[in-house]
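Listing of query.txt, compact mmCIF, C-alpha atoms
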# COMPACT_ATOMS: atom_id res chain seq x y z
CA MET A 21 -4.18 -9.45 -39.51
CA LEU A 22 -3.84 -6.56 -42.00
CA ILE A 23 -7.24 -6.88 -43.64
CA ASP A 24 -8.91 -4.49 -41.18
CA PHE A 25 -6.47 -1.65 -41.93
CA ARG A 26 -7.11 0.87 -44.71
CA LEU A 27 -4.23 1.24 -47.11
CA GLY A 28 -2.23 4.43 -46.53
CA GLU A 29 -4.52 5.68 -43.76
CA ASN A 30 -3.67 3.86 -40.55
CA SER A 31 -0.83 1.58 -39.55
CA CYS A 32 -0.73 -1.87 -37.97
CA ARG A 33 1.60 -2.03 -34.99
CA VAL A 34 2.59 -5.67 -34.52
CA GLU A 35 3.16 -6.64 -30.90
CA PRO A 36 6.34 -8.63 -30.14
CA TYR A 37 6.31 -12.20 -28.80
CA THR A 38 3.18 -13.07 -30.80
CA ASP A 39 2.61 -15.39 -33.76
CA SER A 40 1.72 -12.35 -35.86
CA TYR A 41 5.10 -10.80 -35.11
CA THR A 42 6.94 -14.00 -36.06
CA TYR A 43 5.04 -14.45 -39.34
CA THR A 44 5.31 -10.77 -40.33
CA PHE A 45 9.02 -10.59 -39.62
CA ALA A 46 9.65 -13.82 -41.55
CA TYR A 47 7.58 -12.46 -44.47
CA LEU A 48 9.67 -9.28 -44.67
CA LEU A 49 12.95 -11.21 -44.31
CA LEU A 50 11.88 -13.49 -47.17
CA TRP A 51 11.26 -10.46 -49.37
CA ASP A 52 14.67 -9.09 -48.44
CA VAL A 53 16.16 -12.35 -49.75
CA ILE A 54 14.09 -12.16 -52.98
CA LEU A 55 15.21 -8.57 -53.61
CA THR A 56 18.84 -9.55 -52.97
CA MET A 57 18.44 -12.32 -55.56
CA CYS A 58 17.15 -9.73 -58.04
CA GLU A 59 20.13 -7.50 -57.28
CA LYS A 60 22.68 -10.30 -57.81
CA ALA A 61 20.99 -11.90 -60.83
CA SER A 62 22.07 -11.52 -64.44
CA THR A 63 20.03 -9.16 -66.59
CA GLU A 64 18.10 -11.99 -68.25
CA LEU A 65 17.39 -13.83 -64.98
CA ARG A 66 16.28 -10.60 -63.32
CA TYR A 67 13.88 -10.04 -66.20
CA GLN A 68 12.38 -13.49 -65.56
CA TYR A 69 12.12 -12.87 -61.80
CA ALA A 70 10.23 -9.62 -62.41
CA ASP A 71 7.91 -11.31 -64.90
CA TRP A 72 7.08 -14.04 -62.38
CA LEU A 73 6.46 -11.59 -59.53
CA ARG A 74 4.18 -9.55 -61.78
CA ASN A 75 2.21 -12.46 -63.20
CA GLU A 76 1.62 -14.04 -59.78
CA ASP A 77 0.65 -10.66 -58.25
CA PHE A 78 3.16 -11.19 -55.44
CA LEU A 79 4.64 -7.70 -55.59
CA ASN A 80 1.28 -5.91 -55.50
CA ASN A 81 0.41 -7.85 -52.35
CA LEU A 82 3.76 -6.94 -50.80
CA LEU A 83 3.29 -3.22 -51.45
CA ASN A 84 -0.26 -3.26 -50.09
CA ASN A 85 1.03 -4.93 -46.93
CA ILE A 86 4.04 -2.64 -46.55
CA PHE A 87 1.90 0.51 -46.53
CA LYS A 88 -0.11 -0.98 -43.68
CA LEU A 89 3.10 -1.68 -41.72
CA ILE A 90 4.97 1.59 -42.30
CA PRO A 91 4.28 3.71 -39.18
CA ALA A 92 1.61 6.41 -39.35
CA GLU A 93 4.21 9.01 -38.38
CA VAL A 94 5.94 8.35 -41.71
CA LEU A 95 2.76 8.14 -43.79
CA HIS A 96 1.42 11.49 -42.61
CA TYR A 97 4.60 13.45 -41.95
CA ASN A 98 4.37 16.70 -43.96
CA ASP A 99 7.52 18.69 -43.15
CA ILE A 100 9.92 17.49 -45.86
CA ARG A 101 12.69 19.80 -44.60
CA ILE A 102 13.19 17.63 -41.52
CA LYS A 103 13.09 13.87 -42.12
CA PRO A 104 13.46 12.02 -38.80
CA PHE A 105 12.85 8.62 -40.40
CA ASP A 106 15.34 9.05 -43.26
CA GLU A 107 17.72 6.39 -41.92
CA TRP A 108 14.98 3.75 -41.96
CA PHE A 109 14.84 3.95 -45.77
CA VAL A 110 18.51 4.60 -46.50
CA LYS A 111 20.41 2.29 -44.15
CA LYS A 112 20.15 -1.44 -44.84
CA PHE A 113 18.29 -3.21 -42.06
CA GLN A 114 20.51 -5.45 -39.94
CA LEU A 115 19.34 -7.90 -37.31
CA LEU A 116 21.67 -8.78 -34.44
CA LEU A 117 21.08 -11.58 -31.96
CA THR A 118 21.54 -9.11 -29.12
CA ASP A 119 18.87 -6.72 -30.44
CA GLN A 120 15.77 -6.13 -28.38
CA ILE A 121 12.57 -7.52 -29.90
CA ASN A 122 9.99 -4.74 -30.35
CA SER A 123 7.42 -3.37 -32.81
CA ASN A 124 9.94 -0.85 -34.07
CA LYS A 125 11.86 -3.65 -35.80
CA ILE A 126 8.90 -4.50 -38.05
CA GLU A 127 8.35 -0.84 -38.93
CA ARG A 128 12.00 -0.27 -39.83
CA MET A 129 12.12 -3.46 -41.86
CA ALA A 130 8.99 -2.42 -43.80
CA CYS A 131 10.57 0.95 -44.68
CA TRP A 132 13.80 -0.70 -45.84
CA VAL A 133 12.02 -3.34 -47.93
CA TYR A 134 9.99 -0.62 -49.68
CA ALA A 135 13.12 1.40 -50.53
CA ASN A 136 14.89 -1.74 -51.77
CA THR A 137 11.87 -2.76 -53.86
CA LEU A 138 11.97 0.64 -55.57
CA THR A 139 15.67 0.13 -56.24
CA GLN A 140 15.44 -3.38 -57.67
CA LEU A 141 11.97 -3.45 -59.30
CA PRO A 142 10.99 0.17 -60.03
CA ALA A 143 8.79 -0.64 -63.03
CA LEU A 144 6.60 -3.01 -61.00
CA VAL A 145 6.22 -0.49 -58.18
CA ARG A 146 5.34 2.20 -60.74
CA GLN A 147 2.61 -0.01 -62.22
CA TRP A 148 1.15 -0.68 -58.76
CA TRP A 149 1.28 3.02 -57.85
CA SER A 150 -0.53 3.98 -61.07
CA SER A 151 -3.35 1.54 -60.34
CA ILE A 152 -4.20 2.47 -56.72
CA GLU A 153 -6.83 4.99 -55.66
CA THR A 154 -5.94 8.70 -55.64
CA ARG A 155 -5.89 9.04 -51.85
CA VAL A 156 -3.33 6.25 -51.42
CA ASN A 157 -1.45 7.34 -54.54
CA GLN A 158 -0.77 10.72 -52.93
CA VAL A 159 0.45 9.17 -49.67
CA VAL A 160 2.85 6.86 -51.53
CA ASP A 161 4.07 9.76 -53.67
CA ARG A 162 4.75 11.92 -50.60
CA VAL A 163 6.64 9.18 -48.72
CA THR A 164 8.68 8.25 -51.79
CA SER A 165 9.55 11.85 -52.73
CA ALA A 166 10.68 12.64 -49.18
CA TYR A 167 12.58 9.50 -48.20
CA VAL A 168 13.53 7.42 -51.25
CA SER A 169 13.74 9.55 -54.41
CA PRO A 170 16.69 11.78 -53.36
CA GLN A 171 18.78 8.71 -52.58
CA LEU A 172 17.84 6.86 -55.79
CA CYS A 173 18.43 9.91 -58.00
CA ALA A 174 21.90 10.33 -56.48
CA GLN A 175 22.62 6.62 -57.01
CA GLU A 176 21.51 6.76 -60.65
CA LEU A 177 23.71 9.77 -61.42
CA ALA A 178 26.69 8.26 -59.58
CA ASP A 179 26.21 4.99 -61.49
CA VAL A 180 26.25 6.85 -64.81
CA ALA A 181 29.33 8.83 -63.72
CA THR A 182 31.35 5.65 -63.05
CA HIS A 183 30.74 4.47 -66.64
CA GLU A 184 30.80 7.75 -68.55
CA ASN A 185 34.21 7.15 -70.17
CA LYS A 186 33.53 3.61 -71.39
CA PHE A 187 32.02 4.47 -74.78
CA LYS A 188 33.76 4.98 -78.10
CA ASN A 189 31.10 7.09 -79.80
CA MET A 190 29.17 8.58 -76.87
CA VAL A 191 30.00 11.41 -74.46
CA ILE A 192 28.00 11.84 -71.23
CA LYS A 193 27.46 15.02 -69.22
CA ILE A 194 25.85 15.00 -65.76
CA HIS A 195 24.06 17.93 -64.08
CA PRO A 196 23.28 16.77 -60.50
CA SER A 197 21.54 19.99 -59.40
CA VAL A 198 18.74 19.45 -61.93
CA ARG A 199 18.95 15.62 -61.91
CA GLU A 200 19.87 15.60 -65.62
CA VAL A 201 22.01 13.41 -67.86
CA VAL A 202 22.94 14.43 -71.41
CA ALA A 203 24.30 11.75 -73.77
CA ILE A 204 25.80 12.84 -77.11
CA TYR A 205 26.31 10.08 -79.71
CA THR A 206 28.60 10.97 -82.63
CA VAL A 207 29.04 9.21 -85.98
CA ASP A 208 31.53 10.91 -88.30
CA GLU A 209 30.43 14.55 -87.97
CA ALA A 210 26.77 13.90 -87.16
CA GLN A 211 25.42 13.92 -83.60
CA MET A 212 22.36 12.68 -81.71
CA ASP A 213 21.56 14.07 -78.24
CA LEU A 214 19.60 12.26 -75.54
CA VAL A 215 18.56 14.38 -72.54
CA ILE A 216 17.24 12.51 -69.47
CA THR A 217 15.72 14.41 -66.54
CA LEU A 218 14.66 12.62 -63.34
CA PRO A 219 11.49 13.90 -61.58
CA THR A 220 11.38 14.63 -57.84
CA ASN A 221 9.33 11.46 -57.24
CA TYR A 222 11.59 9.16 -59.28
CA PRO A 223 11.16 6.26 -59.89
CA LEU A 224 7.37 6.51 -59.38
CA GLY A 225 7.47 9.22 -62.01
CA GLY A 226 9.37 8.10 -65.08
CA PRO A 227 12.28 10.12 -66.47
CA ASP A 228 11.59 12.79 -69.06
CA VAL A 229 13.53 11.79 -72.17
CA GLN A 230 14.13 14.08 -75.13
CA CYS A 231 16.01 13.26 -78.34
CA ASN A 232 17.12 16.48 -80.00
CA ARG A 233 18.76 15.34 -83.23
CA GLN A 234 18.67 12.54 -85.79
CA ILE A 235 21.49 10.69 -87.51
CA GLY A 236 21.66 8.98 -90.85
CA GLY A 237 17.95 8.99 -91.59
CA THR A 238 16.98 7.24 -88.35
CA THR A 239 13.84 8.39 -86.56
CA HIS A 240 14.33 9.68 -83.03
CA LYS A 241 11.06 8.02 -81.91
CA GLN A 242 12.58 4.57 -82.43
CA TRP A 243 15.55 5.32 -80.17
CA LEU A 244 13.37 6.98 -77.54
CA MET A 245 11.08 3.96 -77.48
CA GLN A 246 13.99 1.59 -76.88
CA PHE A 247 15.33 3.65 -73.99
CA LYS A 248 11.89 4.05 -72.39
CA MET A 249 11.10 0.35 -72.75
CA CYS A 250 14.23 -0.51 -70.77
CA VAL A 251 13.81 2.09 -68.01
CA LEU A 252 10.02 2.35 -67.68
CA HIS A 253 8.91 -1.22 -68.31
CA GLN A 254 11.88 -3.56 -67.76
CA ASN A 255 13.21 -2.38 -64.35
CA GLY A 256 16.36 -1.07 -66.01
CA ARG A 257 18.40 1.74 -64.51
CA ILE A 258 19.34 4.93 -66.37
CA TRP A 259 22.76 3.44 -67.05
CA ASP A 260 21.15 0.29 -68.52
CA GLY A 261 19.03 2.43 -70.83
CA LEU A 262 22.01 4.52 -71.96
CA SER A 263 24.11 1.42 -72.57
CA LEU A 264 21.29 -0.19 -74.55
CA TRP A 265 20.75 3.00 -76.57
CA ASN A 266 24.47 3.27 -77.34
CA ASN A 267 24.86 -0.40 -78.25
CA ASN A 268 21.77 -0.33 -80.47
CA LEU A 269 23.18 2.66 -82.36
CA ASP A 270 26.64 1.05 -82.61
CA LYS A 271 25.22 -2.15 -84.04
CA LYS A 272 22.75 -0.30 -86.26
CA PHE A 273 25.57 1.59 -87.93
CA ASP A 274 27.72 -1.56 -88.04
CA GLY A 275 25.00 -3.24 -90.12
CA VAL A 276 23.50 -5.70 -87.59
CA GLU A 277 19.90 -6.56 -88.55
CA GLU A 278 17.18 -5.50 -86.10
CA CYS A 279 14.31 -7.66 -84.80
CA TYR A 280 11.26 -7.36 -87.07
CA ILE A 281 8.82 -7.41 -84.14
CA CYS A 282 10.18 -4.73 -81.77
CA PHE A 283 12.42 -3.05 -84.40
CA ALA A 284 15.35 -2.92 -81.96
CA VAL A 285 18.75 -4.54 -82.36
CA LEU A 286 18.99 -5.42 -78.66
CA HIS A 287 15.95 -6.65 -76.74
CA PRO A 288 15.05 -4.03 -74.07
CA GLY A 289 14.57 -6.69 -71.38
CA THR A 290 17.18 -9.38 -72.07
CA TYR A 291 19.66 -7.28 -74.12
CA GLN A 292 19.99 -10.20 -76.56
CA LEU A 293 20.55 -9.91 -80.32
CA PRO A 294 17.95 -11.29 -82.77
CA LYS A 295 18.97 -14.94 -83.19
CA LEU A 296 15.90 -16.86 -84.37
CA SER A 297 15.57 -16.79 -88.15
CA CYS A 298 12.55 -17.71 -90.28
CA GLN A 299 13.46 -20.51 -92.70
CA THR A 300 11.36 -18.92 -95.46
CA CYS A 301 11.93 -15.14 -95.39
CA ARG A 302 15.18 -15.26 -93.35
CA LYS A 303 14.10 -12.38 -91.11
CA LYS A 304 15.49 -12.53 -87.57
CA PHE A 305 13.70 -12.08 -84.25
CA HIS A 306 14.48 -11.95 -80.52
CA SER A 307 13.42 -15.18 -78.82
CA ALA A 308 11.41 -13.21 -76.21
CA CYS A 309 9.61 -11.20 -78.92
CA LEU A 310 8.81 -14.33 -80.91
CA TYR A 311 7.50 -16.15 -77.82
CA LYS A 312 5.22 -13.19 -77.06
CA TRP A 313 4.05 -13.10 -80.69
CA PHE A 314 3.16 -16.82 -80.61
CA SER A 315 1.37 -16.41 -77.25
CA THR A 316 -0.74 -13.38 -78.20
CA SER A 317 -1.58 -14.43 -81.76
CA ASN A 318 -2.19 -18.10 -80.86
CA LYS A 319 -0.32 -19.00 -84.03
CA SER A 320 3.14 -20.36 -84.75
CA THR A 321 3.60 -18.47 -88.00
CA CYS A 322 6.27 -15.95 -88.98
CA PRO A 323 5.11 -12.36 -88.26
CA ILE A 324 6.45 -11.25 -91.66
CA CYS A 325 5.74 -13.95 -94.26
CA ARG A 326 3.06 -15.87 -92.27
CA ASN A 327 4.61 -19.26 -93.04
CA LEU A 328 4.98 -21.82 -90.22
CA PHE A 329 8.03 -21.01 -88.13

Same coordinates, now as structure tokens:
Amino acid sequence: MLIDFRLGENSCRVEPYTDSYTYTFAYLLLWDVILTMCEKASTELRYQYADWLRNEDFLNNLLNNIFKLIPAEVLHYNDIRIKPFDEWFVKKFQLLLTDQINSNKIERMACWVYANTLTQLPALVRQWWSSIETRVNQVVDRVTSAYVSPQLCAQELADVATHENKFKNMVIKIHPSVREVVAIYTVDEAQMDLVITLPTNYPLGGPDVQCNRQIGGTTHKQWLMQFKMCVLHQNGRIWDGLSLWNNNLDKKFDGVEECYICFAVLHPGTYQLPKLSCQTCRKKFHSACLYKWFSTSNKSTCPICRNLF
């Protein structure tokens, strides 16, 4: 049904009381269930869900289909000062038995599913967006910046604000007008600052992250990499990245040994400590890092001493 429509150029209006309408509506409802499962899942299970959706190419297919179902009026609307379709992306879609069946239902559902996909699986959407042709890339960027990014930026900052007093060694400052979060980690009299700024097309555009100071001989690149891995590649939120960054620093200065593959104390996807130890060299690794090492190297040897694990 959608194969004849060019992505991001024209829109498919599905007529009610047809098989196409039934199948399309069921498809979008199924994705709403999947995204709800991602929202309710534990961090580790959510990581596995995202990995499965990526490997099977399910999410790329969803996004290609959604941008053929979102109405043309949304795709090509240029006046960002007035957003008549804002509610379609912000308000959760609800289906009542008394509702009239019409094409508008499919269009609204497509808009909501896209916004929810950006909320739950931003890294996967970002990867898809980076891979599509420039013409479509610009359409997706415009729609996201106008209808989804303001809401998600506000949610991210509000989420950080609710947790800002939960750290022993870290103080957080929020500047909503410039979409900025400043985290200051203190050990004794030394400080490390992390400044996170969200772009206007967040989360398609990743946050700008700057680390302004170093503590105790640590390199700022290592801490930046851990934060970016969580937020840019593991579907983590800004709060998840800050929590991971803080906990890594806490454990680093408490003497917990880091993984010798990713050089982080906590894994950026599962947030687990290194638990698997080589029987020969006694170095510890995250189970996810070790599994990836075995898979890519086609060997079951220790990454450090090269003896059989």

Distance in Å - atom CA of A:Leu144 versus atom CA of A:Gly289: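 It comes out at 13.6 Å.
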
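Between A:Pro227 and the residues A:Glu176, A:Asp270, A:Asp77, A:Glu184, the shortest atom-to-atom distance, using only C-alpha atoms, involves A:Glu176.
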
Just give me the gap between atom CA of A:Phe273 and atom CA of A:Tyr311 in Å, one decimal is fine. 27.3 Å

Select, counting all atoms listed in the file, all protein, DNA and RNA residues no farther than 12 Å from (12.4, 8.6, -52.5) in file coordinates, and express the selection as a PyMOL selection string. chain A and resi 100+103+106+108-110+131-132+134-139+142+160-175+218-225

What lies within 10 Å of stretch 111-123 of chain A using all atoms listed in the file, ignoring chain neighbours under 6 positions off, as a ChimeraX atom specification? /A:32-37,41,49,52,129-133,135-136

Nearest residue to A:Tyr205 out of A:Gln68, A:Asn266, A:Thr290, A:Gln246, using all atoms listed in the file?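 For A:Tyr205, the nearest of the candidates is A:Asn266.
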
Closest of A:Ile216, A:Met245, A:Cys282, A:Val191 to A:Ile258 - atom-to-atom distances counting only C-alpha atoms: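 Nearest to A:Ile258: A:Ile216.
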
Atom CA of A:Glu277 to atom CA of A:Asn185, distance in Å rounded to a single decimal: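 Separating atom CA of A:Glu277 from atom CA of A:Asn185 is a distance of 27.0 Å.
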
Taking into account only C-alpha atoms, which residue in the set A:Gln147, A:Asn327, A:Thr42, A:Asn267 is nearest to A:Pro288? A:Asn267

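Counting all atoms listed in the file and comparing A:Cys250, A:Cys322, A:Ala181, A:Leu50, the residue that lies closest to A:Tyr67 is A:Cys250.
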
Selection near A:Val251, 8 Å with all atoms listed in the file, sequence-local residues under 6 positions removed, as a list of chain:residue names: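 Counting all atoms listed in the file, the residues come to A:Ala143, A:Arg257, A:Ile258, A:Asp260, A:Gly261.
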